[in-house]
Each structure stands twice: as structure tokens, then as C-alpha cells.
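Below you'll find the structure, written out as C-alpha cells, and then a few comments.
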Amino acid sequence: MSTRVRQEARAGADGRGGGPGPPGPRQPRRPGERSYPGAFPVGPTISFLRRLRASLDRGSELPQAAAEAATALPRELQEALDRMLRRLAGDYQEDEWGFDEEFADSVLPLLEFLYDRWWRVQPEGVRNVPSHGRALLVGNHAGILPWDATMMSVALLREHPLPRYPRFLVLNWAFALPYVSVVMRKVGGVAASPYNALRLLEQDELVAVFPEGVKGAGKDFKDRYRLQRFGRGGFVEIALRTGSPIIPVAVVGSEEIYPKIAEAPPLARLIGAPYFPITPTFPALGPLGVVPLPSKWRIEFCEPIETAQHGPEAAEDRPFVFELSERIRETIQAKVYENLVKRGSAFI
């Protein structure tokens, strides 16, 4: 979470919206009320299409609607061009983890398109996530690339009263991928390690972890929605040491976007990845095979599990750590099955 957003959230939580200091809390993004300043001209394009649709809905003919929608376009494009030139000159800000809020806002229109139109995400329980302060989101993982983490992020930005960007831990090998690694860092991805998770929580960030790891992302399609083991409960230890509440998150939909039917170990060794998936579309369709399939998604943020009352010393109690880890896994598994029933058909 950036300094600006954190300050806004704290000001709103303390009821100090007026007077000197940071502005009031960031408002949730809602259809028809969105602004995409960002760094690239994606935002103006989305804004133009939304104004065009609004004019057509009011009964305007297409030429008139296009003229009305284009009135603000030159100014917005010029502003976007100025931002691009400024960033190319190195004038932009990142935090110590590489998070770039301006860049994240720029790609948000694409993520919102995936959220609204492609995957038709239905979120539930968003208010269970704390408005400020440290917290650990623990979710099931699938889909090879961390699309589930980005959709969780969009749900919080869209639906939460005090939106905040979560930081999600990503397997180290993904940061070796060209271009992908840069984008992941700029939108909140951090290399997965206990040390990084501990530091982020100590900085009062909202952190998302996926304890299934490679076992979750790389499982075959026939094993979809069957959660794998959560390892040794390292995420529970970290939560206990930092007094962070744990919010289990159940994601339904990500298992169908890249249905893995086989894998190619020689290719995996060649690129240094833990596995190389074979899907019905990849690598048969080449680059087009990377496009995720348009499944229907549901994301449920469950009630938080408080850890502060146990104290940091509880992290040394191995039976307790393992029991809590299993309880969280069982909670997510039960919610996954429940949301599969609620979702119905995977694609229709």
C-alpha cells in the first residue's frame, strides 16, 4: 500500500478528513464514475468508450455520441503523453519493493475489463478485510500466472470502503521471466520469502500469500479445486510473530483459465521453471494460447482469524501452528466447494 493511500485510509479511519494534512479516503471505483490518470493512454481510451456508451444509452445517434465522447479526449491524451514522456525520463516513484502506484492505476482498466467482462467476478465478504493496518490474506492458487492475486486486488479496490493495494507474494522463478517480472513488481508482486512477508507486515501492509505454492499452480485439471498441502505452516508463524489477522480467501474460476492436461519437463528445465504446462490452447496456438479462458469467477473473503491474543511465542508451538494451518486450509476448501455450487456452470 503506498504512503499516499495509507495516509488517506488512516485519516478516514480517524475521522480527520478535513483541515490540513492528507486528503479524505480514496473512494471505491464504481461504474460510470471512474478516472484513469495513470501513465499510459489506456485510461483515455476506456473513458472515451464509456462516454460513448453513455451517450448512446441516452438516445443519441452514433455520430453525435462520438462527438460528445471525444470532447475531452485531446486533453486526456495530451496529459497521458506528458506522463509517458516524464516516466521515460525516469521521473516516477517506486517504493522499496518496486510498487509503482501510477503504473498500477494505468493497467487497472485492463484488469477491470477482465474482472467485469471476461471473468465476471462476483466478490463476497470484502468488508472482512481490515481498512488499515497489517493483515494476511491466505488464498488457494491456480492458473500458472498470478491472475487470482490481481483479481483479489481489483475486488478490494472496487468494493472496499477504503480501497488499498495488497502486496502478493509470487514464486521466485516468475521474476526471471522478461517483462512479466517488471509488471508484477510494479502492481504489487513481491518475491515469496518469509523475510519479505515479515517485513511487509511490520510495515502494516496488506499481504496476500498462497501456501499451496507450485503444487497448487501446477496441478492437473482433473485435480482442480482440491487444495494441496499448506507446507509447514510458515504463513501462520509469520502471522503470529507480527500479530496479523489472517483472512482466508476462496477463489473459484482460476482453475479453468489454463486447464493443465500435461507438462514438458525438458522445457521447464530449459527456462528454469518448476514445470512447463501443456493446455488445450498452449503451446498449440502459440502466443494466443497465453490468453486465459473466460471462466466465471467467485472470490469470497472469509471472516478474519485473530492471532494477536496468542502472542509471538505461539509461533514456536509447532502443534498449534500446524493445527491452525490445517483449520485455515479446511475453511478455504469448504468455501471453495460452496462457491462452486453458487457459481454453477464454469463458462455460461
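Here, A, B, ... name the chains of the C-alpha cells in the order displayed, residue numbers run from 1 inside each chain, and ligands are numbered from 1 in the same displayed order.
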Give me, as a list of chain:residue names, all polymer residues having an atom no more than 10 Å from A:Glu316, counting only C-alpha atoms and skipping those fewer than 4 positions away in the same chain.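 My list of contacting residues is A:Glu237, A:Leu240, A:Arg241, A:Pro312, A:Phe320, A:Val321.
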The selected residues should be written to file as a PDB file, in the first residue's frame (atoms: all heavy atoms).
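File written: part_18.pdb
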```pdb
ATOM      1  N   GLU A 237       3.143 -18.942  11.261  1.00  0.00           N
ATOM      2  CA  GLU A 237       4.223 -18.443  12.113  1.00  0.00           C
ATOM      3  C   GLU A 237       4.413 -16.940  11.926  1.00  0.00           C
ATOM      4  O   GLU A 237       4.541 -16.187  12.897  1.00  0.00           O
ATOM      5  CB  GLU A 237       5.530 -19.159  11.780  1.00  0.00           C
ATOM      6  CG  GLU A 237       5.593 -20.606  12.219  1.00  0.00           C
ATOM      7  CD  GLU A 237       6.970 -21.191  11.944  1.00  0.00           C
ATOM      8  OE1 GLU A 237       7.965 -20.441  12.048  1.00  0.00           O
ATOM      9  OE2 GLU A 237       7.045 -22.386  11.621  1.00  0.00           O
ATOM     10  N   LEU A 240       1.586 -14.979  13.495  1.00  0.00           N
ATOM     11  CA  LEU A 240       1.696 -14.972  14.953  1.00  0.00           C
ATOM     12  C   LEU A 240       2.803 -14.030  15.423  1.00  0.00           C
ATOM     13  O   LEU A 240       2.639 -13.291  16.399  1.00  0.00           O
ATOM     14  CB  LEU A 240       1.956 -16.387  15.461  1.00  0.00           C
ATOM     15  CG  LEU A 240       0.773 -17.366  15.359  1.00  0.00           C
ATOM     16  CD1 LEU A 240       1.252 -18.796  15.595  1.00  0.00           C
ATOM     17  CD2 LEU A 240      -0.326 -17.003  16.354  1.00  0.00           C
ATOM     18  N   ARG A 241       3.935 -14.046  14.740  1.00  0.00           N
ATOM     19  CA  ARG A 241       5.052 -13.189  15.152  1.00  0.00           C
ATOM     20  C   ARG A 241       4.718 -11.713  15.000  1.00  0.00           C
ATOM     21  O   ARG A 241       5.228 -10.871  15.748  1.00  0.00           O
ATOM     22  CB  ARG A 241       6.300 -13.526  14.328  1.00  0.00           C
ATOM     23  CG  ARG A 241       6.866 -14.906  14.600  1.00  0.00           C
ATOM     24  CD  ARG A 241       8.182 -15.122  13.885  1.00  0.00           C
ATOM     25  NE  ARG A 241       8.586 -16.524  13.928  1.00  0.00           N
ATOM     26  CZ  ARG A 241       9.128 -17.117  14.974  1.00  0.00           C
ATOM     27  NH1 ARG A 241       9.340 -16.428  16.080  1.00  0.00           N
ATOM     28  NH2 ARG A 241       9.473 -18.399  14.917  1.00  0.00           N
ATOM     29  N   PRO A 312       3.606 -13.596  20.178  1.00  0.00           N
ATOM     30  CA  PRO A 312       4.631 -14.094  19.247  1.00  0.00           C
ATOM     31  C   PRO A 312       5.190 -15.453  19.637  1.00  0.00           C
ATOM     32  O   PRO A 312       5.621 -16.223  18.777  1.00  0.00           O
ATOM     33  CB  PRO A 312       5.725 -13.013  19.322  1.00  0.00           C
ATOM     34  CG  PRO A 312       5.075 -11.815  19.901  1.00  0.00           C
ATOM     35  CD  PRO A 312       3.969 -12.299  20.776  1.00  0.00           C
ATOM     36  N   PHE A 320       0.395 -26.296  17.537  1.00  0.00           N
ATOM     37  CA  PHE A 320      -0.598 -25.243  17.376  1.00  0.00           C
ATOM     38  C   PHE A 320      -0.519 -24.622  15.985  1.00  0.00           C
ATOM     39  O   PHE A 320      -1.546 -24.364  15.340  1.00  0.00           O
ATOM     40  CB  PHE A 320      -0.402 -24.169  18.455  1.00  0.00           C
ATOM     41  CG  PHE A 320      -1.315 -22.981  18.290  1.00  0.00           C
ATOM     42  CD1 PHE A 320      -2.672 -23.084  18.566  1.00  0.00           C
ATOM     43  CD2 PHE A 320      -0.825 -21.758  17.843  1.00  0.00           C
ATOM     44  CE1 PHE A 320      -3.522 -21.993  18.403  1.00  0.00           C
ATOM     45  CE2 PHE A 320      -1.665 -20.670  17.676  1.00  0.00           C
ATOM     46  CZ  PHE A 320      -3.014 -20.791  17.959  1.00  0.00           C
ATOM     47  N   VAL A 321       0.707 -24.366  15.511  1.00  0.00           N
ATOM     48  CA  VAL A 321       0.887 -23.783  14.178  1.00  0.00           C
ATOM     49  C   VAL A 321       0.294 -24.699  13.109  1.00  0.00           C
ATOM     50  O   VAL A 321      -0.432 -24.256  12.211  1.00  0.00           O
ATOM     51  CB  VAL A 321       2.386 -23.525  13.897  1.00  0.00           C
ATOM     52  CG1 VAL A 321       2.619 -23.204  12.418  1.00  0.00           C
ATOM     53  CG2 VAL A 321       2.897 -22.377  14.764  1.00  0.00           C
TER      54      VAL A 321
END
```
Residues near A:Leu114, anyone? I mean within 10 Å using only C-alpha atoms, not counting same-chain ones fewer than 5 positions away, as a compact mmCIF listing (two decimals) with N, CA and C atoms, in the first residue's frame.
```txt
# COMPACT_ATOMS: atom_id res chain seq x y z
N LEU A 108 -5.00 -0.69 -14.50
CA LEU A 108 -6.27 -1.05 -13.86
C LEU A 108 -7.43 -1.17 -14.85
N PRO A 109 -7.52 -0.33 -15.90
CA PRO A 109 -8.62 -0.53 -16.87
C PRO A 109 -8.63 -1.92 -17.50
N TRP A 119 -14.10 -12.35 -16.88
CA TRP A 119 -14.30 -13.37 -15.85
C TRP A 119 -15.55 -13.12 -15.01
N ARG A 120 -16.19 -11.98 -15.16
CA ARG A 120 -17.46 -11.68 -14.48
C ARG A 120 -17.38 -12.04 -12.98
N VAL A 121 -16.37 -11.47 -12.33
CA VAL A 121 -16.07 -11.82 -10.95
C VAL A 121 -17.19 -11.37 -10.01
N TRP A 147 -3.05 -14.48 -11.79
CA TRP A 147 -4.27 -13.73 -12.07
C TRP A 147 -5.20 -13.69 -10.86
N MET A 151 -7.00 -10.30 -9.37
CA MET A 151 -8.44 -10.16 -9.24
C MET A 151 -8.85 -9.89 -7.79
N VAL A 154 -8.27 -6.18 -7.45
CA VAL A 154 -9.33 -5.37 -8.06
C VAL A 154 -10.59 -5.39 -7.20
N PRO A 292 -5.98 -16.25 -21.21
CA PRO A 292 -6.75 -17.11 -20.30
C PRO A 292 -8.17 -17.30 -20.79
N PRO A 294 -12.29 -17.58 -20.61
CA PRO A 294 -13.24 -16.70 -19.90
C PRO A 294 -14.17 -17.44 -18.95
```
So that I can check the surroundings of A:Ser55, please list as a list in words every protein, DNA and RNA residue that reaches within 10 Å of it, counting only C-alpha atoms and ignoring chain neighbours fewer than 5 positions away.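 With the cut-off at 10 Å, the set is Leu49, Arg50, Ser60, Glu61, Leu62, Gln64, Ala65, Ala66, Ala67, Glu68 and Ala69 of chain A.
Atom CA of A:Val236 lies 13.1 Å from atom CA of A:Pro304.
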How close does stretch 107-205 of chain A get to stretch 268-288 of chain A? List, as JSON lines, each residue of stretch 107-205 of chain A within 10 Å, its nearest atom pair and the distance in Å to one decimal, counting only C-alpha atoms.
```
{"residue": "A:Ile144", "atom": "CA", "partner": "A:Pro277", "partner_atom": "CA", "distance": 8.2}
{"residue": "A:Leu171", "atom": "CA", "partner": "A:Pro274", "partner_atom": "CA", "distance": 9.8}
{"residue": "A:Asn172", "atom": "CA", "partner": "A:Ala273", "partner_atom": "CA", "distance": 9.4}
{"residue": "A:Trp173", "atom": "CA", "partner": "A:Ala273", "partner_atom": "CA", "distance": 5.9}
{"residue": "A:Ala174", "atom": "CA", "partner": "A:Ala273", "partner_atom": "CA", "distance": 7.8}
{"residue": "A:Ala176", "atom": "CA", "partner": "A:Gly272", "partner_atom": "CA", "distance": 8.4}
{"residue": "A:Leu177", "atom": "CA", "partner": "A:Ile271", "partner_atom": "CA", "distance": 8.7}
```
Mind pulling up the distance from atom CA of A:Ala197 to atom CA of A:Gly218?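 Atom-to-atom, atom CA of A:Gly218 and atom CA of A:Ala197 are spaced 22.6 Å apart.
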Out of stretch 129-288 of chain A, which residues get strand (DSSP E) from DSSP, as a PyMOL selection string? chain A and resi 135-139+167-170+189-191+206-209+246-252+262-263+277-278
Gap from atom CA of A:Ala315 to atom CA of A:Ala239 - Å, one decimal: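 Separating atom CA of A:Ala315 from atom CA of A:Ala239 is a distance of 8.5 Å.
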Please provide as a PyMOL selection string all residues within 12 Å of A:Met184, with the sequence filter that same-chain residues fewer than 4 positions apart are discarded (counting only C-alpha atoms). chain A and resi 97-100+103-104+107+145-147+149-150+167-172+174-180+188-191
Can you tell me which residues surround A:Leu156 at a distance of at most 10 Å, considering only C-alpha atoms, apart from same-chain residues fewer than 2 positions away, and format the answer as a ChimeraX atom specification? /A:28-29,123,126-127,129,131,150-154,158-166,301
Residues of stretch 197-308 of chain A in alpha helix (DSSP H) according to DSSP, as a list in words? Ala197, Leu198, Arg199, Leu200, Leu201, Glu202, Val214, Lys215, Gly216, Ala217, Gly234, Phe235, Val236, Glu237, Ile238, Ala239, Leu240, Arg241, Thr242, Pro265, Pro266, Leu267, Ala268, Arg269, Leu270 and Ile271 of chain A
Neighbours of stretch 341-345 of chain A within 10 Å (only C-alpha atoms; same-chain residues fewer than 4 positions away dropped), as a ChimeraX atom specification? /A:122,252-253,295-298,335-337
Keeping only N, CA and C atoms, write the selected residues as a compact mmCIF listing (two decimals), in the first residue's frame.
```
# COMPACT_ATOMS: atom_id res chain seq x y z
N GLN A 122 -17.59 -12.23 -9.12
CA GLN A 122 -18.55 -11.91 -8.07
C GLN A 122 -17.84 -12.01 -6.72
N VAL A 252 -12.77 -19.18 -6.85
CA VAL A 252 -13.33 -20.15 -7.79
C VAL A 252 -13.32 -19.50 -9.18
N GLY A 253 -12.78 -20.22 -10.17
CA GLY A 253 -12.71 -19.69 -11.53
C GLY A 253 -11.32 -19.78 -12.11
N SER A 295 -13.62 -18.03 -17.92
CA SER A 295 -14.45 -18.71 -16.92
C SER A 295 -15.15 -17.69 -16.02
N LYS A 296 -16.17 -18.14 -15.31
CA LYS A 296 -16.85 -17.30 -14.32
C LYS A 296 -16.17 -17.46 -12.96
N TRP A 297 -15.98 -16.33 -12.28
CA TRP A 297 -15.24 -16.35 -11.02
C TRP A 297 -16.12 -15.95 -9.85
N ARG A 298 -15.79 -16.48 -8.69
CA ARG A 298 -16.29 -16.01 -7.40
C ARG A 298 -15.11 -15.93 -6.44
N LYS A 335 -15.21 -23.40 1.60
CA LYS A 335 -15.76 -22.24 0.90
C LYS A 335 -15.61 -22.38 -0.62
N VAL A 336 -14.54 -23.03 -1.05
CA VAL A 336 -14.38 -23.29 -2.49
C VAL A 336 -15.52 -24.16 -3.00
N TYR A 337 -15.81 -25.25 -2.29
CA TYR A 337 -16.91 -26.12 -2.70
C TYR A 337 -18.25 -25.36 -2.67
```
